[in-house]
Amino acid sequence: MSDWLSGLASAFSHLHLLRPHWLWALLALPLLALWWRARRRRANAWRDAVDPHLLPHLLESGQDRRTRYGVWLAMLAGVLAVLALAGPSWRQTEQALWQSRAPLVIALDLSSAALAADLPPSRLAQARAKIATLLRERDGGQVGLVVYAGDAYTVAPLTDDVANVALFLDALNPDVMPVDGQRGDRAIAWSARLLRRAGFERGDILLLSDHSDARTRAAAAEAAGEGYRVSALGLGSVAGAAIRRGDGSIVGVKLDPGSLRDLAAAGGGAYAAVVGGDEDLQALGVLKPKPTDATAAKGEKGRIWQDEGYWLLPPLLLLALFAFRRRGGSALAVLLLCAWWPLQPARAADLWQRPDQIEHKRMQEGSRAYRGGDYPRAAQLFRGSDTADAHYNLGNALAKAGQYPQAIAAYDRALRLQPGMPDALANKRAVEAAMKRKPPPQDKSKQNQSSQGGKGQPQQPQQDPQQGQQKQQKPAPGQQKPERDESASKPEQDPAAAAKAQEQADRAQRERMQRALQQQPRGEQPAQARARGKETPRQREIRVANEAWLKRVPDDPGGLLREKFRIEHERRQVLGEQGD
């Protein structure tokens, strides 16, 4: 008792109001009471017909007492309402902190000029290293990567996972681009489009190139007008270098700092040339992004005061019952309902569900009962729905329970509702075949174990190979379709034939693994050999299988980007677009 009192005292010691300005509303309560009293006195017709000294002897005093009680109860309800609106609070709860970081889209010039060697070993190598440094050192904010030559393409969309962007750096090469060129204007427009589609009204665009033209500067000015700051990081040297283009011609390329400064000025950003450290990135302001749209801080939580005003609502509702004082029976019924309702299960959500939602919930419960091996319960739940999927699942549950005739009737009903349903046809044939066979006597405690090798779990359905996957019906717009149980099983195949086929497959697999294990890996280090000498047969099987799969992966990291950009380039040509 003392601990409870000390806790209560500690809570009230922290009591304060989150919205104290609502207390000014308390001043209006006495004024409202006086106005109501004066209005009631004027509405009393007897005061105009009877002398004031005779009124107390003619009017019933009980009515005046009820009136006074009503006024005081109304005043009390008003006080509780104002205090609830003021937001009393005495405890704190944890909540995720929010921080604001501007997103960044990196646009890299991946034309043939990226292979110039005026920045040893090449501009492309320096650009990769610089982007890797930026991704590693950047303090929050989403990052996206765009490459451009004759057109702009998305390598990685805006994401908080910078490691996902860094995965593509080594695959960047001019040969993945469908068309050569240096269309920086399309890169800026495409980057702004990524920011806009991600819902950001503010953001940064960083262009890595050696020069800009009038079209690029116009695109930067347009992006700045939308709220996106465009900066430039110069690649190359003023002396320049010679490169060979894709058509075989040799041209010279060099850094043009003046045009890049004009680009940054038009885009409201900054310009810096590539240097060995991170001074260039610091000067551009991309390592510490500026505040913009709010995003949740990862792993950081703060404490906020909890609004406890809702605790005043129950007594306020109880006081509202006295508004029904002329109908005491109704008020008593409402009071008893409020006292009885918390003792019942929380079923408020069920009262507002649509029929299709209730049916969907019943199907889910039936699926859980089926997976748990409670086939009678599953059949009972599936009977509550008159759909093809429900009757199909009902047939599966009845077949598992050994009620073959009822299962066939359920499949027939499903076929009438959905003619040609392949799963129902296959299961119906399997059940009919099972009825013609006389299964050997079997202990009931092992019926659910025989198909699983004694593991004690019900066997999952085995799909007929010729039937393919189960087809799902599309629900009508605005409705939630009761889904078919994906684990609804089909009757088991002949146990003897299945066991024989499995034994042959296991024997063939062991022989293949044994032949693979007999081959000595080339170039194996002594430490690896010792580690493999300690492997169990099962571990060796897994390792050899993984190595076999890895050998099938083509060693072409840029192939994915090449095919992606080629397909996108062809699509844009067909549709006459510059981007998807």
# chains A, B, ... in the order shown; residues from 1 in each chain; ligands from 1
call {"tool": "closest_atom_pairs", "arguments": {"of": "stretch 393-424 of chain A", "to": "stretch 367-389 of chain A", "cutoff": "7 Å", "atoms": "only C-alpha atoms", "output": "JSON lines"}}
result
{"residue": "A:Asn393", "atom": "CA", "partner": "A:Asp389", "partner_atom": "CA", "distance": 6.1}
{"residue": "A:Leu394", "atom": "CA", "partner": "A:Ala379", "partner_atom": "CA", "distance": 5.2}
{"residue": "A:Ala397", "atom": "CA", "partner": "A:Tyr375", "partner_atom": "CA", "distance": 5.2}
{"residue": "A:Leu398", "atom": "CA", "partner": "A:Ala379", "partner_atom": "CA", "distance": 6.5}
{"residue": "A:Lys400", "atom": "CA", "partner": "A:Tyr375", "partner_atom": "CA", "distance": 6.8}
{"residue": "A:Ala401", "atom": "CA", "partner": "A:Tyr375", "partner_atom": "CA", "distance": 6.0}
{"residue": "A:Ala414", "atom": "CA", "partner": "A:Ala388", "partner_atom": "CA", "distance": 4.3}
{"residue": "A:Leu417", "atom": "CA", "partner": "A:Ala388", "partner_atom": "CA", "distance": 5.5}
{"residue": "A:Gln418", "atom": "CA", "partner": "A:Ala388", "partner_atom": "CA", "distance": 6.0}
call {"tool": "select_by_dssp", "arguments": {"residues": "stretch 62-235 of chain A", "states": "strand (DSSP E)", "output": "VMD selection string"}}
result
chain A and resid 88 to 89 92 to 100 104 to 109 143 to 148 152 to 159 203 to 209 228 to 234
call {"tool": "select_by_dssp", "arguments": {"residues": "stretch 84-261 of chain A", "states": "alpha helix (DSSP H)", "output": "count of residues only"}}
result
54
call {"tool": "atom_distance", "arguments": {"atom1": "atom CA of A:Ser212", "atom2": "atom CA of A:Arg572"}}
result
24.1 Å
call {"tool": "residues_around", "arguments": {"residues": "A:Arg193", "least_positions_apart": "5", "cutoff": "12 Å", "atoms": "only C-alpha atoms", "output": "count of residues only"}}
result
27
call {"tool": "closest_residue", "arguments": {"among": "A:Asp160, A:Asp170, A:Pro20, A:Val71", "to": "A:Arg37", "atoms": "only C-alpha atoms"}}
result
A:Val71
call {"tool": "residues_around", "arguments": {"residues": "A:Ile250", "least_positions_apart": "3", "cutoff": "12 Å", "atoms": "only C-alpha atoms", "output": "VMD selection string"}}
result
chain A and resid 112 to 113 116 241 to 247 253
call {"tool": "write_last_selection", "arguments": {"atoms": "N, CA and C atoms", "output": "PDB file, in the first residue's frame"}}
result
ATOM      1  N   SER A 112      32.393   7.972 -73.228  1.00  0.00           N
ATOM      2  CA  SER A 112      33.755   7.521 -73.515  1.00  0.00           C
ATOM      3  C   SER A 112      34.801   8.438 -72.897  1.00  0.00           C
ATOM      4  N   ALA A 113      34.424   9.687 -72.569  1.00  0.00           N
ATOM      5  CA  ALA A 113      35.365  10.601 -71.919  1.00  0.00           C
ATOM      6  C   ALA A 113      35.752  10.119 -70.525  1.00  0.00           C
ATOM      7  N   ALA A 116      39.345   8.744 -70.083  1.00  0.00           N
ATOM      8  CA  ALA A 116      40.531   9.603 -70.241  1.00  0.00           C
ATOM      9  C   ALA A 116      41.473   9.416 -69.064  1.00  0.00           C
ATOM     10  N   ALA A 241      43.293  15.105 -72.228  1.00  0.00           N
ATOM     11  CA  ALA A 241      43.887  13.873 -72.749  1.00  0.00           C
ATOM     12  C   ALA A 241      43.077  13.450 -73.966  1.00  0.00           C
ATOM     13  N   ALA A 242      43.655  12.529 -74.740  1.00  0.00           N
ATOM     14  CA  ALA A 242      43.004  12.006 -75.943  1.00  0.00           C
ATOM     15  C   ALA A 242      42.300  10.705 -75.609  1.00  0.00           C
ATOM     16  N   ILE A 243      41.141  10.501 -76.209  1.00  0.00           N
ATOM     17  CA  ILE A 243      40.355   9.280 -76.003  1.00  0.00           C
ATOM     18  C   ILE A 243      39.903   8.751 -77.355  1.00  0.00           C
ATOM     19  N   ARG A 244      39.599   7.483 -77.381  1.00  0.00           N
ATOM     20  CA  ARG A 244      39.049   6.856 -78.586  1.00  0.00           C
ATOM     21  C   ARG A 244      37.564   6.571 -78.339  1.00  0.00           C
ATOM     22  N   ARG A 245      36.723   7.118 -79.158  1.00  0.00           N
ATOM     23  CA  ARG A 245      35.299   6.917 -79.020  1.00  0.00           C
ATOM     24  C   ARG A 245      34.881   5.548 -79.551  1.00  0.00           C
ATOM     25  N   GLY A 246      33.621   5.252 -79.367  1.00  0.00           N
ATOM     26  CA  GLY A 246      33.127   3.964 -79.803  1.00  0.00           C
ATOM     27  C   GLY A 246      33.162   3.777 -81.303  1.00  0.00           C
ATOM     28  N   ASP A 247      33.079   4.877 -82.055  1.00  0.00           N
ATOM     29  CA  ASP A 247      33.131   4.764 -83.513  1.00  0.00           C
ATOM     30  C   ASP A 247      34.548   4.706 -84.051  1.00  0.00           C
ATOM     31  N   VAL A 253      39.740  15.581 -74.863  1.00  0.00           N
ATOM     32  CA  VAL A 253      38.797  16.060 -73.851  1.00  0.00           C
ATOM     33  C   VAL A 253      39.594  16.719 -72.740  1.00  0.00           C
TER      34      VAL A 253
END
call {"tool": "closest_residue", "arguments": {"among": "A:Phe565, A:Thr93, A:Ala25, A:Gln573", "to": "A:Asp307", "atoms": "only C-alpha atoms"}}
result
A:Thr93
call {"tool": "atom_distance", "arguments": {"atom1": "atom CA of A:Leu110", "atom2": "atom CA of A:Leu124"}}
result
7.8 Å
call {"tool": "residues_around", "arguments": {"residues": "A:Asn173", "least_positions_apart": "5", "cutoff": "10 Å", "atoms": "only C-alpha atoms", "output": "PyMOL selection string"}}
result
chain A and resi 110-112+114-115+124-125+147+558+561-562
call {"tool": "write_last_selection", "arguments": {"atoms": "N, CA and C atoms", "output": "PDB file, in the first residue's frame"}}
result
ATOM      1  N   LEU A 110      29.191   8.880 -67.856  1.00  0.00           N
ATOM      2  CA  LEU A 110      29.729   7.568 -68.197  1.00  0.00           C
ATOM      3  C   LEU A 110      29.901   7.445 -69.712  1.00  0.00           C
ATOM      4  N   SER A 111      30.248   8.549 -70.333  1.00  0.00           N
ATOM      5  CA  SER A 111      30.542   8.530 -71.762  1.00  0.00           C
ATOM      6  C   SER A 111      31.961   8.010 -71.969  1.00  0.00           C
ATOM      7  N   SER A 112      32.393   7.972 -73.228  1.00  0.00           N
ATOM      8  CA  SER A 112      33.755   7.521 -73.515  1.00  0.00           C
ATOM      9  C   SER A 112      34.801   8.438 -72.897  1.00  0.00           C
ATOM     10  N   ALA A 114      34.966   9.230 -69.926  1.00  0.00           N
ATOM     11  CA  ALA A 114      35.295   8.733 -68.592  1.00  0.00           C
ATOM     12  C   ALA A 114      36.558   7.884 -68.596  1.00  0.00           C
ATOM     13  N   LEU A 115      37.008   7.400 -69.778  1.00  0.00           N
ATOM     14  CA  LEU A 115      38.220   6.581 -69.848  1.00  0.00           C
ATOM     15  C   LEU A 115      39.483   7.409 -70.042  1.00  0.00           C
ATOM     16  N   LEU A 124      37.326   7.501 -64.710  1.00  0.00           N
ATOM     17  CA  LEU A 124      36.327   6.585 -64.172  1.00  0.00           C
ATOM     18  C   LEU A 124      36.775   6.009 -62.833  1.00  0.00           C
ATOM     19  N   ALA A 125      38.047   5.630 -62.719  1.00  0.00           N
ATOM     20  CA  ALA A 125      38.545   5.089 -61.459  1.00  0.00           C
ATOM     21  C   ALA A 125      38.478   6.137 -60.353  1.00  0.00           C
ATOM     22  N   VAL A 147      23.529   7.426 -64.156  1.00  0.00           N
ATOM     23  CA  VAL A 147      24.624   7.549 -65.119  1.00  0.00           C
ATOM     24  C   VAL A 147      24.049   8.062 -66.433  1.00  0.00           C
ATOM     25  N   GLY A 558      28.807  -6.239 -65.153  1.00  0.00           N
ATOM     26  CA  GLY A 558      28.115  -5.158 -65.841  1.00  0.00           C
ATOM     27  C   GLY A 558      27.039  -5.621 -66.788  1.00  0.00           C
ATOM     28  N   LEU A 561      23.449  -4.315 -65.869  1.00  0.00           N
ATOM     29  CA  LEU A 561      23.222  -2.913 -66.218  1.00  0.00           C
ATOM     30  C   LEU A 561      23.151  -2.731 -67.730  1.00  0.00           C
ATOM     31  N   ARG A 562      23.996  -3.453 -68.464  1.00  0.00           N
ATOM     32  CA  ARG A 562      24.011  -3.317 -69.914  1.00  0.00           C
ATOM     33  C   ARG A 562      22.657  -3.705 -70.513  1.00  0.00           C
TER      34      ARG A 562
END
